[in-house]
$ cat data.pdb   # PDB, C-alpha atoms
ATOM      1  CA  MET B  15     -66.943 -16.517  26.754
ATOM      2  CA  LEU B  16     -63.207 -15.982  26.254
ATOM      3  CA  LEU B  17     -61.031 -13.133  27.484
ATOM      4  CA  LYS B  18     -57.403 -12.475  26.765
ATOM      5  CA  PRO B  19     -55.350 -12.862  29.961
ATOM      6  CA  LYS B  20     -53.836  -9.427  29.264
ATOM      7  CA  ALA B  21     -57.295  -7.904  29.649
ATOM      8  CA  LEU B  22     -57.771  -9.628  33.003
ATOM      9  CA  GLN B  23     -54.345  -8.416  34.090
ATOM     10  CA  LYS B  24     -55.257  -4.822  33.184
ATOM     11  CA  ILE B  25     -58.519  -5.062  35.152
ATOM     12  CA  ALA B  26     -56.679  -6.420  38.195
ATOM     13  CA  ALA B  27     -53.852  -3.881  38.051
ATOM     14  CA  ASP B  28     -56.309  -0.985  37.880
ATOM     15  CA  MET B  29     -58.392  -2.386  40.752
ATOM     16  CA  PHE B  30     -55.345  -2.944  42.953
ATOM     17  CA  GLY B  31     -53.766   0.424  42.185
ATOM     18  CA  MET B  32     -50.697  -1.291  40.691
ATOM     19  CA  GLU B  33     -48.839  -0.600  37.450
ATOM     20  CA  ALA B  34     -49.118  -4.130  36.060
ATOM     21  CA  ALA B  35     -50.288  -7.651  36.861
ATOM     22  CA  LEU B  36     -49.690 -11.265  35.846
ATOM     23  CA  PHE B  37     -52.126 -14.210  35.736
ATOM     24  CA  VAL B  38     -50.644 -17.380  37.238
ATOM     25  CA  PRO B  39     -52.103 -20.822  38.019
ATOM     26  CA  SER B  40     -51.934 -20.753  41.828
ATOM     27  CA  GLY B  41     -51.285 -18.666  44.909
ATOM     28  CA  THR B  42     -48.312 -20.800  45.911
ATOM     29  CA  MET B  43     -46.665 -20.139  42.545
ATOM     30  CA  SER B  44     -47.530 -16.453  42.767
ATOM     31  CA  ASN B  45     -45.911 -16.067  46.189
ATOM     32  CA  LEU B  46     -42.850 -17.996  45.042
ATOM     33  CA  ILE B  47     -42.477 -15.788  41.966
ATOM     34  CA  ALA B  48     -42.719 -12.702  44.179
ATOM     35  CA  VAL B  49     -39.925 -13.996  46.411
ATOM     36  CA  MET B  50     -37.791 -14.910  43.369
ATOM     37  CA  VAL B  51     -38.143 -11.444  41.831
ATOM     38  CA  HIS B  52     -37.669  -9.442  45.029
ATOM     39  CA  CYS B  53     -34.768 -11.639  46.199
ATOM     40  CA  ARG B  54     -32.698 -11.825  43.055
ATOM     41  CA  GLU B  55     -29.568 -13.437  44.486
ATOM     42  CA  ARG B  56     -29.256 -16.833  46.110
ATOM     43  CA  GLY B  57     -28.714 -16.272  49.812
ATOM     44  CA  ASP B  58     -30.997 -13.260  50.027
ATOM     45  CA  GLU B  59     -33.452 -13.321  52.936
ATOM     46  CA  VAL B  60     -37.202 -12.822  53.358
ATOM     47  CA  ILE B  61     -38.822 -11.999  56.707
ATOM     48  CA  VAL B  62     -42.142 -13.809  57.259
ATOM     49  CA  GLY B  63     -44.568 -14.486  60.090
ATOM     50  CA  ASP B  64     -43.959 -17.839  61.773
ATOM     51  CA  LEU B  65     -47.607 -18.812  61.172
ATOM     52  CA  SER B  66     -47.816 -17.486  57.620
ATOM     53  CA  HIS B  67     -49.099 -19.621  54.760
ATOM     54  CA  LEU B  68     -45.935 -18.892  52.805
ATOM     55  CA  HIS B  69     -43.792 -20.240  55.648
ATOM     56  CA  ILE B  70     -45.857 -23.288  56.670
ATOM     57  CA  TYR B  71     -47.957 -24.502  53.736
ATOM     58  CA  GLU B  72     -45.854 -23.848  50.623
ATOM     59  CA  GLN B  73     -43.244 -26.591  51.075
ATOM     60  CA  GLY B  74     -40.401 -24.190  51.740
ATOM     61  CA  GLY B  75     -40.353 -23.289  48.060
ATOM     62  CA  SER B  76     -38.406 -20.094  48.720
ATOM     63  CA  ALA B  77     -35.442 -22.176  49.875
ATOM     64  CA  GLN B  78     -36.104 -25.277  47.803
ATOM     65  CA  LEU B  79     -36.472 -23.592  44.427
ATOM     66  CA  ALA B  80     -35.275 -20.010  44.799
ATOM     67  CA  GLY B  81     -32.311 -20.371  47.156
ATOM     68  CA  VAL B  82     -33.797 -17.715  49.426
ATOM     69  CA  HIS B  83     -33.406 -17.936  53.195
ATOM     70  CA  SER B  84     -36.342 -17.192  55.519
ATOM     71  CA  THR B  85     -36.314 -15.738  58.994
ATOM     72  CA  THR B  86     -39.457 -15.447  61.071
ATOM     73  CA  VAL B  87     -41.203 -13.025  63.386
ATOM     74  CA  THR B  88     -43.872 -14.129  65.859
ATOM     75  CA  THR B  89     -47.388 -13.959  64.448
ATOM     76  CA  LEU B  90     -49.735 -12.317  66.945
ATOM     77  CA  PRO B  91     -53.374 -13.466  67.405
ATOM     78  CA  ASP B  92     -54.650 -10.712  65.085
ATOM     79  CA  GLY B  93     -52.259 -11.703  62.272
ATOM     80  CA  THR B  94     -49.864  -8.802  62.832
ATOM     81  CA  PHE B  95     -46.405  -8.896  64.378
ATOM     82  CA  ASP B  96     -44.394  -6.719  66.711
ATOM     83  CA  LEU B  97     -42.632  -4.011  64.728
ATOM     84  CA  GLU B  98     -39.663  -3.864  67.080
ATOM     85  CA  GLN B  99     -39.129  -7.578  66.613
ATOM     86  CA  LEU B 100     -39.474  -7.132  62.861
ATOM     87  CA  GLU B 101     -36.819  -4.428  62.845
ATOM     88  CA  SER B 102     -34.517  -6.616  64.939
ATOM     89  CA  LYS B 103     -34.635  -9.276  62.211
ATOM     90  CA  ILE B 104     -33.298  -6.961  59.515
ATOM     91  CA  ARG B 105     -29.647  -7.641  58.718
ATOM     92  CA  HIS B 106     -27.417  -4.618  58.315
ATOM     93  CA  GLY B 107     -24.065  -6.303  57.710
ATOM     94  CA  TYR B 108     -24.172  -6.699  53.903
ATOM     95  CA  PRO B 109     -21.757  -7.342  52.174
ATOM     96  CA  ASP B 110     -20.306  -9.199  55.180
ATOM     97  CA  PRO B 111     -19.968 -12.749  53.763
ATOM     98  CA  HIS B 112     -21.237 -14.396  56.952
ATOM     99  CA  TYR B 113     -24.885 -13.350  56.653
ATOM    100  CA  PRO B 114     -27.820 -13.366  54.248
ATOM    101  CA  ARG B 115     -28.999 -10.037  52.828
ATOM    102  CA  SER B 116     -32.423  -8.822  53.986
ATOM    103  CA  ARG B 117     -34.560  -8.013  50.952
ATOM    104  CA  LEU B 118     -38.252  -8.545  51.634
ATOM    105  CA  VAL B 119     -40.989  -8.472  54.283
ATOM    106  CA  CYS B 120     -44.093 -10.605  53.663
ATOM    107  CA  VAL B 121     -47.477 -10.011  55.295
ATOM    108  CA  GLU B 122     -50.651 -12.094  54.980
ATOM    109  CA  ASN B 123     -54.114 -10.517  54.684
ATOM    110  CA  THR B 124     -56.483 -11.965  55.707
ATOM    111  CA  HIS B 125     -54.508 -14.271  57.971
ATOM    112  CA  ASN B 126     -55.413 -17.900  57.402
ATOM    113  CA  ILE B 127     -54.158 -19.714  60.508
ATOM    114  CA  GLN B 128     -55.324 -16.930  62.824
ATOM    115  CA  GLY B 129     -58.891 -17.327  61.590
ATOM    116  CA  GLY B 130     -59.276 -14.855  58.733
ATOM    117  CA  ARG B 131     -58.054 -11.843  60.691
ATOM    118  CA  VAL B 132     -57.882  -8.525  58.851
ATOM    119  CA  LEU B 133     -54.624  -6.581  59.114
ATOM    120  CA  PRO B 134     -55.257  -3.012  60.312
ATOM    121  CA  LEU B 135     -54.389  -0.321  57.791
ATOM    122  CA  ALA B 136     -52.284   1.470  60.402
ATOM    123  CA  PHE B 137     -50.165  -1.674  60.872
ATOM    124  CA  LEU B 138     -49.596  -1.982  57.120
ATOM    125  CA  GLN B 139     -48.623   1.672  56.947
ATOM    126  CA  GLU B 140     -46.080   1.182  59.738
ATOM    127  CA  VAL B 141     -44.640  -1.955  58.118
ATOM    128  CA  ARG B 142     -44.212  -0.105  54.841
ATOM    129  CA  ALA B 143     -42.522   2.846  56.542
ATOM    130  CA  LEU B 144     -40.143   0.528  58.391
ATOM    131  CA  ALA B 145     -39.338  -1.352  55.190
ATOM    132  CA  ASP B 146     -38.713   1.888  53.301
ATOM    133  CA  ARG B 147     -36.324   3.117  55.983
ATOM    134  CA  ASN B 148     -34.308  -0.074  55.631
ATOM    135  CA  GLY B 149     -34.412  -0.467  51.859
ATOM    136  CA  LEU B 150     -36.718  -3.507  51.886
ATOM    137  CA  SER B 151     -39.753  -4.332  49.771
ATOM    138  CA  VAL B 152     -43.153  -5.450  51.106
ATOM    139  CA  HIS B 153     -45.113  -8.317  49.515
ATOM    140  CA  MET B 154     -48.632  -9.219  50.602
ATOM    141  CA  ASP B 155     -49.978 -12.731  50.385
ATOM    142  CA  GLY B 156     -53.428 -11.353  49.694
ATOM    143  CA  ALA B 157     -55.132 -14.615  48.803
ATOM    144  CA  ARG B 158     -58.218 -13.282  50.621
ATOM    145  CA  VAL B 159     -57.475  -9.560  50.526
ATOM    146  CA  MET B 160     -60.905  -8.972  48.987
ATOM    147  CA  ASN B 161     -62.445 -10.305  52.189
ATOM    148  CA  ALA B 162     -60.327  -7.781  54.076
ATOM    149  CA  ALA B 163     -61.480  -4.948  51.799
ATOM    150  CA  VAL B 164     -65.140  -5.865  52.315
ATOM    151  CA  ALA B 165     -64.686  -6.152  56.077
ATOM    152  CA  GLN B 166     -62.992  -2.742  56.279
ATOM    153  CA  GLY B 167     -65.338  -1.099  53.790
ATOM    154  CA  VAL B 168     -62.503   0.146  51.577
ATOM    155  CA  PRO B 169     -61.386  -0.558  47.992
ATOM    156  CA  PRO B 170     -58.500  -3.039  47.700
ATOM    157  CA  SER B 171     -56.227  -0.246  46.506
ATOM    158  CA  ALA B 172     -56.578   1.437  49.925
ATOM    159  CA  ILE B 173     -54.997  -1.653  51.468
ATOM    160  CA  LEU B 174     -52.450  -2.325  48.748
ATOM    161  CA  GLN B 175     -51.053   1.216  48.679
ATOM    162  CA  HIS B 176     -48.940   0.049  51.625
ATOM    163  CA  THR B 177     -47.324  -2.829  49.685
ATOM    164  CA  ASP B 178     -44.996  -3.101  46.711
ATOM    165  CA  THR B 179     -46.569  -6.280  45.371
ATOM    166  CA  VAL B 180     -49.542  -8.534  46.061
ATOM    167  CA  SER B 181     -50.826 -12.008  45.236
ATOM    168  CA  VAL B 182     -54.639 -12.209  45.010
ATOM    169  CA  CYS B 183     -56.506 -15.505  44.635
ATOM    170  CA  LEU B 184     -59.429 -15.537  42.183
ATOM    171  CA  SER B 185     -60.886 -18.777  43.498
ATOM    172  CA  LYS B 186     -61.885 -19.332  47.145
ATOM    173  CA  GLY B 187     -64.687 -16.876  47.948
ATOM    174  CA  LEU B 188     -64.492 -15.193  44.548
ATOM    175  CA  GLY B 189     -65.491 -18.488  42.928
ATOM    176  CA  ALA B 190     -63.183 -18.823  39.911
ATOM    177  CA  PRO B 191     -62.132 -22.414  39.130
ATOM    178  CA  VAL B 192     -58.433 -21.603  39.136
ATOM    179  CA  GLY B 193     -55.963 -18.760  39.122
ATOM    180  CA  THR B 194     -54.210 -16.002  41.033
ATOM    181  CA  VAL B 195     -53.111 -12.518  40.010
ATOM    182  CA  LEU B 196     -49.686 -11.193  40.981
ATOM    183  CA  ALA B 197     -49.469  -7.398  40.773
ATOM    184  CA  GLY B 198     -46.799  -4.753  41.222
ATOM    185  CA  PRO B 199     -44.547  -2.340  39.314
ATOM    186  CA  LYS B 200     -44.001  -2.880  35.579
ATOM    187  CA  ASP B 201     -40.352  -3.880  35.933
ATOM    188  CA  PHE B 202     -41.277  -6.361  38.662
ATOM    189  CA  ILE B 203     -43.940  -7.978  36.474
ATOM    190  CA  SER B 204     -41.607  -8.172  33.479
ATOM    191  CA  ARG B 205     -39.208 -10.223  35.601
ATOM    192  CA  ALA B 206     -42.108 -12.212  37.035
ATOM    193  CA  VAL B 207     -43.039 -13.351  33.508
ATOM    194  CA  ARG B 208     -39.645 -15.034  33.202
ATOM    195  CA  CYS B 209     -40.013 -16.738  36.597
ATOM    196  CA  ARG B 210     -43.511 -17.958  35.739
ATOM    197  CA  LYS B 211     -42.139 -19.565  32.576
ATOM    198  CA  ALA B 212     -39.303 -21.250  34.473
ATOM    199  CA  LEU B 213     -41.782 -22.685  37.007
ATOM    200  CA  GLY B 214     -44.032 -24.091  34.266
ATOM    201  CA  GLY B 215     -46.812 -21.583  34.850
ATOM    202  CA  GLY B 216     -47.205 -20.257  31.325
ATOM    203  CA  MET B 217     -50.639 -21.196  29.968
ATOM    204  CA  ARG B 218     -51.859 -21.385  26.383
ATOM    205  CA  GLN B 219     -55.538 -21.036  25.483
ATOM    206  CA  ALA B 220     -56.123 -19.491  28.896
ATOM    207  CA  GLY B 221     -58.993 -17.277  27.740
ATOM    208  CA  ILE B 222     -61.729 -19.302  29.445
ATOM    209  CA  LEU B 223     -59.867 -19.123  32.757
ATOM    210  CA  ALA B 224     -59.266 -15.396  32.319
ATOM    211  CA  ALA B 225     -62.988 -14.900  31.650
ATOM    212  CA  ALA B 226     -63.798 -16.627  34.922
ATOM    213  CA  GLY B 227     -61.243 -14.405  36.653
ATOM    214  CA  LYS B 228     -62.857 -11.290  35.212
ATOM    215  CA  LEU B 229     -66.258 -12.424  36.492
ATOM    216  CA  SER B 230     -64.740 -12.977  39.931
ATOM    217  CA  LEU B 231     -63.267  -9.481  40.138
ATOM    218  CA  GLN B 232     -66.219  -7.629  38.658
ATOM    219  CA  ASN B 233     -69.186  -9.559  40.067
ATOM    220  CA  MET B 234     -68.201 -11.572  43.134
ATOM    221  CA  ILE B 235     -66.552  -9.163  45.551
ATOM    222  CA  GLY B 236     -69.805  -7.744  46.915
ATOM    223  CA  ARG B 237     -71.146 -11.184  47.772
ATOM    224  CA  LEU B 238     -68.243 -11.877  50.152
ATOM    225  CA  GLU B 239     -70.256 -10.019  52.780
ATOM    226  CA  GLU B 240     -72.708 -12.940  52.742
ATOM    227  CA  ASP B 241     -69.932 -15.423  53.538
ATOM    228  CA  GLN B 242     -68.700 -13.274  56.377
ATOM    229  CA  GLY B 243     -72.216 -12.921  57.761
ATOM    230  CA  ASN B 244     -72.748 -16.684  57.614
ATOM    231  CA  ALA B 245     -69.517 -17.284  59.538
ATOM    232  CA  LYS B 246     -70.693 -14.934  62.299
ATOM    233  CA  ILE B 247     -74.108 -16.639  62.444
ATOM    234  CA  PHE B 248     -72.480 -20.034  62.926
ATOM    235  CA  ALA B 249     -70.060 -18.620  65.507
ATOM    236  CA  GLN B 250     -72.987 -17.213  67.501
ATOM    237  CA  ALA B 251     -74.715 -20.597  67.338
ATOM    238  CA  LEU B 252     -71.609 -22.198  68.842
ATOM    239  CA  LEU B 253     -71.681 -19.670  71.693
ATOM    240  CA  ASP B 254     -75.406 -20.264  72.256
ATOM    241  CA  CYS B 255     -74.918 -24.025  72.436
ATOM    242  CA  ASN B 256     -76.120 -25.674  75.647
ATOM    243  CA  PRO B 257     -74.032 -27.136  77.207
ATOM    244  CA  ASN B 258     -71.229 -24.738  76.413
ATOM    245  CA  LEU B 259     -68.743 -26.989  74.583
ATOM    246  CA  PHE B 260     -67.096 -24.416  72.343
ATOM    247  CA  ALA B 261     -64.517 -21.673  72.830
ATOM    248  CA  VAL B 262     -65.253 -18.848  70.394
ATOM    249  CA  ASP B 263     -63.978 -15.285  70.302
ATOM    250  CA  LEU B 264     -66.806 -13.603  68.423
ATOM    251  CA  ALA B 265     -64.864 -10.358  68.074
ATOM    252  CA  ALA B 266     -62.167 -12.249  66.164
ATOM    253  CA  VAL B 267     -64.630 -13.516  63.539
ATOM    254  CA  GLU B 268     -63.931 -10.779  61.019
ATOM    255  CA  THR B 269     -64.277 -12.536  57.667
ATOM    256  CA  ASN B 270     -65.206 -15.941  56.225
ATOM    257  CA  ILE B 271     -62.894 -18.130  58.318
ATOM    258  CA  LEU B 272     -63.989 -19.322  61.747
ATOM    259  CA  ARG B 273     -61.521 -20.927  64.124
ATOM    260  CA  PHE B 274     -62.870 -22.297  67.393
ATOM    261  CA  GLY B 275     -61.869 -24.667  70.169
ATOM    262  CA  LEU B 276     -63.609 -27.393  72.149
ATOM    263  CA  GLN B 277     -63.763 -27.035  75.922
ATOM    264  CA  ASP B 278     -64.780 -30.648  76.597
ATOM    265  CA  LEU B 279     -61.585 -32.722  76.648
ATOM    266  CA  SER B 280     -63.563 -35.872  75.876
ATOM    267  CA  LEU B 281     -64.400 -34.487  72.414
ATOM    268  CA  SER B 282     -61.315 -33.732  70.331
ATOM    269  CA  PRO B 283     -61.309 -31.496  67.235
ATOM    270  CA  SER B 284     -60.660 -34.545  65.046
ATOM    271  CA  GLU B 285     -63.582 -36.485  66.532
ATOM    272  CA  PHE B 286     -65.889 -33.467  66.262
ATOM    273  CA  CYS B 287     -64.989 -33.006  62.581
ATOM    274  CA  ASP B 288     -65.505 -36.715  61.925
ATOM    275  CA  ARG B 289     -68.964 -36.597  63.498
ATOM    276  CA  MET B 290     -69.895 -33.487  61.519
ATOM    277  CA  ALA B 291     -68.930 -35.283  58.296
ATOM    278  CA  GLN B 292     -70.664 -38.590  59.006
ATOM    279  CA  VAL B 293     -74.365 -39.316  58.501
ATOM    280  CA  SER B 294     -76.053 -41.895  60.704
ATOM    281  CA  GLU B 295     -79.483 -43.506  60.760
ATOM    282  CA  SER B 296     -80.198 -41.848  64.105
ATOM    283  CA  GLU B 297     -79.479 -38.443  62.555
ATOM    284  CA  GLU B 298     -81.813 -39.096  59.642
ATOM    285  CA  ALA B 299     -84.519 -40.180  62.085
ATOM    286  CA  ALA B 300     -84.031 -37.129  64.323
ATOM    287  CA  LEU B 301     -83.568 -34.453  61.649
ATOM    288  CA  GLY B 302     -85.497 -35.978  58.757
ATOM    289  CA  GLN B 303     -82.372 -35.925  56.605
ATOM    290  CA  GLY B 304     -78.664 -36.511  56.658
ATOM    291  CA  ILE B 305     -76.401 -33.451  56.779
ATOM    292  CA  GLN B 306     -72.713 -33.704  55.946
ATOM    293  CA  VAL B 307     -70.555 -30.779  57.094
ATOM    294  CA  LEU B 308     -66.850 -30.659  56.251
ATOM    295  CA  MET B 309     -64.600 -28.950  58.764
ATOM    296  CA  TYR B 310     -60.906 -29.314  59.517
ATOM    297  CA  PRO B 311     -59.071 -30.090  62.771
ATOM    298  CA  HIS B 312     -56.646 -27.224  62.662
ATOM    299  CA  PHE B 313     -53.653 -25.545  64.186
ATOM    300  CA  GLY B 314     -53.439 -25.230  67.956
ATOM    301  CA  ASN B 315     -56.065 -27.857  68.864
ATOM    302  CA  SER B 316     -58.810 -25.941  67.093
ATOM    303  CA  VAL B 317     -61.370 -26.474  64.345
ATOM    304  CA  ARG B 318     -61.375 -24.480  61.109
ATOM    305  CA  ALA B 319     -64.562 -23.764  59.161
ATOM    306  CA  VAL B 320     -64.665 -21.668  55.972
ATOM    307  CA  TRP B 321     -67.583 -20.102  54.100
ATOM    308  CA  HIS B 322     -67.448 -19.510  50.349
ATOM    309  CA  LEU B 323     -69.523 -19.174  47.189
ATOM    310  CA  GLY B 324     -70.872 -22.730  47.490
ATOM    311  CA  ILE B 325     -72.335 -22.318  50.993
ATOM    312  CA  SER B 326     -75.643 -20.475  51.290
ATOM    313  CA  PRO B 327     -77.427 -19.071  54.362
ATOM    314  CA  GLU B 328     -79.692 -22.135  54.168
ATOM    315  CA  ASP B 329     -76.638 -24.397  54.207
ATOM    316  CA  THR B 330     -75.381 -22.527  57.262
ATOM    317  CA  GLN B 331     -78.632 -23.226  59.100
ATOM    318  CA  LEU B 332     -78.313 -26.905  58.201
ATOM    319  CA  ALA B 333     -74.758 -26.881  59.560
ATOM    320  CA  ILE B 334     -76.083 -25.413  62.817
ATOM    321  CA  GLN B 335     -78.668 -28.190  63.029
ATOM    322  CA  LYS B 336     -75.953 -30.780  62.493
ATOM    323  CA  MET B 337     -73.728 -29.188  65.141
ATOM    324  CA  GLN B 338     -76.577 -29.218  67.652
ATOM    325  CA  PHE B 339     -77.301 -32.863  66.863
ATOM    326  CA  VAL B 340     -73.637 -33.835  67.296
ATOM    327  CA  VAL B 341     -73.554 -32.045  70.643
ATOM    328  CA  SER B 342     -76.750 -33.735  71.850
ATOM    329  CA  GLN B 343     -75.395 -37.163  70.878
ATOM    330  CA  HIS B 344     -72.129 -36.468  72.686
ATOM    331  CA  VAL B 345     -73.918 -35.351  75.841
ATOM    332  CA  MET B 346     -76.160 -38.438  75.725
ATOM    333  CA  GLU B 347     -73.186 -40.765  75.331
ATOM    334  CA  ASN B 348     -71.375 -39.123  78.249
ATOM    335  CA  SER B 349     -74.399 -39.397  80.515
ATOM    336  CA  ARG B 350     -74.756 -43.097  79.737
ATOM    337  CA  ALA B 351     -71.067 -43.675  80.519
ATOM    338  CA  GLN B 352     -71.363 -42.126  83.979
TER     339      GLN B 352
END
$ encode --input "data.pdb" --output "structure tokens"
Amino acid sequence: MLLKPKALQKIAADMFGMEAALFVPSGTMSNLIAVMVHCRERGDEVIVGDLSHLHIYEQGGSAQLAGVHSTTVTTLPDGTFDLEQLESKIRHGYPDPHYPRSRLVCVENTHNIQGGRVLPLAFLQEVRALADRNGLSVHMDGARVMNAAVAQGVPPSAILQHTDTVSVCLSKGLGAPVGTVLAGPKDFISRAVRCRKALGGGMRQAGILAAAGKLSLQNMIGRLEEDQGNAKIFAQALLDCNPNLFAVDLAAVETNILRFGLQDLSLSPSEFCDRMAQVSESEEAALGQGIQVLMYPHFGNSVRAVWHLGISPEDTQLAIQKMQFVVSQHVMENSRAQ
């Protein structure tokens, strides 16, 4: 099945409550385009969270390719930031030649590094009001904003009414093979088309990708609840583990990303992830099969685990079995060493 990208863009714009939208190859490109359009002059400034994906994982593209300076606010554990600190970062001296010009505030929803945290609607409303008072725009890195919408039980437009623009990933939990939608006002998108072309993001014969994107938006949002339920089931299994090796804040497991720590200093996040990924003969003998689970030693001496379209409830139970086996082997090894 083929679909014109313009049709996908119309579907997305309507769903997000935006005037227009643009299909681009990746979330990194989408965020960069948003910064380029909002910050139209070299030396403009964007305010971002210090733990945001845009700031840490996108190679400093805003500075490298757009000539846009970034200043940071402290990301709090729930993915928000202090509004007084945010306001203190806004520059009011333009056109004083000594300083950048504040143009844009970026928020991230759900927040990746902080474990898939959902930004409260009241926080977004306050950020938008602050930005409006100071003549700034608000862009949301909404790579997983659909997970936020499902968690809060609201349509995405209820979240995005507090932003000027948004970048929404069609892959990840929504399951498309590639692609992100950037949405906002019509004049913003018309300028975004030019930036996409300059960055090499224009795609010919993109109908098959657009068709996958349409399927993601129209058929895959409801199933995100399964991913989020699986993440909570695994988190509870970590808490129930005996002995208690894991540090888990169950209340912070809001969507499909689980971030947890290890309380036993003799088992590092890297070693735990390696053991979860390896299959041994002793495991096959004990469990009747080999189970490979891919996790990531993450920020702040923690482990990151993510649920998506390819991981079923049955897979989650297998992952729990593997975790319990890894723990039992670790305990056995420690007892022998004593």
$ resolve_selection --input "data.pdb" --expression "the PyMOL selection byres ((chain B and resi 119-136) around 8)" --output "number ranges by chain"
B: 60-63, 65-67, 91-94, 117-118, 137-140, 145, 150-159, 161-162, 165, 173, 266-273, 313, 318
$ resolve_selection --input "data.pdb" --expression "the PyMOL selection byres ((chain B and resi 202) around 9)" --output "PyMOL selection string"
chain B and resi 34+48+51-52+179+197-201+203-207
$ write_last_selection --input "data.pdb" --atoms "C-alpha atoms" --output "PDB file, keeping the file's coordinate frame"
ATOM      1  CA  ALA B  34     -49.118  -4.130  36.060  1.00  0.00           C
ATOM      2  CA  ALA B  48     -42.719 -12.702  44.179  1.00  0.00           C
ATOM      3  CA  VAL B  51     -38.143 -11.444  41.831  1.00  0.00           C
ATOM      4  CA  HIS B  52     -37.669  -9.442  45.029  1.00  0.00           C
ATOM      5  CA  THR B 179     -46.569  -6.280  45.371  1.00  0.00           C
ATOM      6  CA  ALA B 197     -49.469  -7.398  40.773  1.00  0.00           C
ATOM      7  CA  GLY B 198     -46.799  -4.753  41.222  1.00  0.00           C
ATOM      8  CA  PRO B 199     -44.547  -2.340  39.314  1.00  0.00           C
ATOM      9  CA  LYS B 200     -44.001  -2.880  35.579  1.00  0.00           C
ATOM     10  CA  ASP B 201     -40.352  -3.880  35.933  1.00  0.00           C
ATOM     11  CA  ILE B 203     -43.940  -7.978  36.474  1.00  0.00           C
ATOM     12  CA  SER B 204     -41.607  -8.172  33.479  1.00  0.00           C
ATOM     13  CA  ARG B 205     -39.208 -10.223  35.601  1.00  0.00           C
ATOM     14  CA  ALA B 206     -42.108 -12.212  37.035  1.00  0.00           C
ATOM     15  CA  VAL B 207     -43.039 -13.351  33.508  1.00  0.00           C
TER      16      VAL B 207
END
$ closest_residue --input "data.pdb" --among "B:Val192, B:Gly74, B:Gln277, B:Met346" --to "Ala220 (chain B)" --atoms "all atoms listed in the file"
B:Val192
$ closest_residue --input "data.pdb" --among "B:Ala224, B:Leu184, B:Met43, B:Val341" --to "Leu252 (chain B)" --atoms "only C-alpha atoms"
B:Val341
$ resolve_selection --input "data.pdb" --expression "the PyMOL selection byres ((chain B and resi 225-240) around 10)" --output "PyMOL selection string"
chain B and resi 15-19+21-23+25-26+29+37+160-165+183-185+187-195+220-224+241-246+269-270+321-323+325-327
$ residues_near_point --input "data.pdb" --point "(-72.5, -20.9, 63.9)" --cutoff "9 Å" --atoms "only C-alpha atoms" --output "ChimeraX atom specification"
/B:244-254,272,330-331,333-334,337
$ residues_around --input "data.pdb" --residues "Asp64 (chain B)" --least-positions-apart "2" --cutoff "7 Å" --atoms "only C-alpha atoms" --output "JSON list (two decimals) with C-alpha atoms, in the frame of the given file"
[["chain", "number", "residue", "atom", "x", "y", "z"],
["B", 62, "VAL", "CA", -42.14, -13.81, 57.26],
["B", 66, "SER", "CA", -47.82, -17.49, 57.62],
["B", 69, "HIS", "CA", -43.79, -20.24, 55.65],
["B", 86, "THR", "CA", -39.46, -15.45, 61.07],
["B", 87, "VAL", "CA", -41.20, -13.02, 63.39],
["B", 88, "THR", "CA", -43.87, -14.13, 65.86],
["B", 89, "THR", "CA", -47.39, -13.96, 64.45]]
$ atom_distance --input "data.pdb" --atom1 "CA of Lys20 (chain B)" --atom2 "CA of Glu33 (chain B)"
13.0 Å
$ residues_around --input "data.pdb" --residues "region 347-351 of chain B" --least-positions-apart "6" --cutoff "12 Å" --atoms "all atoms listed in the file" --output "list of chain:residue names"
B:Asp278, B:Leu279, B:Ser280, B:Leu281, B:Val340, B:Val341
$ write_last_selection --input "data.pdb" --atoms "C-alpha atoms" --output "PDB file, in the coordinates of the input"
ATOM      1  CA  ASP B 278     -64.780 -30.648  76.597  1.00  0.00           C
ATOM      2  CA  LEU B 279     -61.585 -32.722  76.648  1.00  0.00           C
ATOM      3  CA  SER B 280     -63.563 -35.872  75.876  1.00  0.00           C
ATOM      4  CA  LEU B 281     -64.400 -34.487  72.414  1.00  0.00           C
ATOM      5  CA  VAL B 340     -73.637 -33.835  67.296  1.00  0.00           C
ATOM      6  CA  VAL B 341     -73.554 -32.045  70.643  1.00  0.00           C
TER       7      VAL B 341
END
$ atom_distance --input "data.pdb" --atom1 "CA of Lys211 (chain B)" --atom2 "CA of Lys24 (chain B)"
19.7 Å
$ atom_distance --input "data.pdb" --atom1 "CA of Gly75 (chain B)" --atom2 "CA of Gly41 (chain B)"
12.3 Å
$ closest_residue --input "data.pdb" --among "B:Glu55, B:Glu298, B:Asp28, B:Glu328" --to "Leu174 (chain B)" --atoms "all atoms listed in the file"
B:Asp28
$ decode --input "data.pdb" --residues "region 208-212 of chain B" --atoms "N, CA and C atoms" --output "PDB file, in the first residue's frame"
ATOM      1  N   ARG B 208      12.143  24.024   3.615  1.00  0.00           N
ATOM      2  CA  ARG B 208      13.429  24.477   3.088  1.00  0.00           C
ATOM      3  C   ARG B 208      14.594  23.905   3.913  1.00  0.00           C
ATOM      4  N   CYS B 209      14.443  23.892   5.233  1.00  0.00           N
ATOM      5  CA  CYS B 209      15.500  23.342   6.085  1.00  0.00           C
ATOM      6  C   CYS B 209      15.669  21.842   5.850  1.00  0.00           C
ATOM      7  N   ARG B 210      14.555  21.133   5.717  1.00  0.00           N
ATOM      8  CA  ARG B 210      14.640  19.693   5.449  1.00  0.00           C
ATOM      9  C   ARG B 210      15.437  19.430   4.181  1.00  0.00           C
ATOM     10  N   LYS B 211      15.182  20.224   3.140  1.00  0.00           N
ATOM     11  CA  LYS B 211      15.899  20.053   1.877  1.00  0.00           C
ATOM     12  C   LYS B 211      17.387  20.298   2.063  1.00  0.00           C
ATOM     13  N   ALA B 212      17.735  21.359   2.805  1.00  0.00           N
ATOM     14  CA  ALA B 212      19.139  21.692   3.017  1.00  0.00           C
ATOM     15  C   ALA B 212      19.871  20.607   3.807  1.00  0.00           C
TER      16      ALA B 212
END
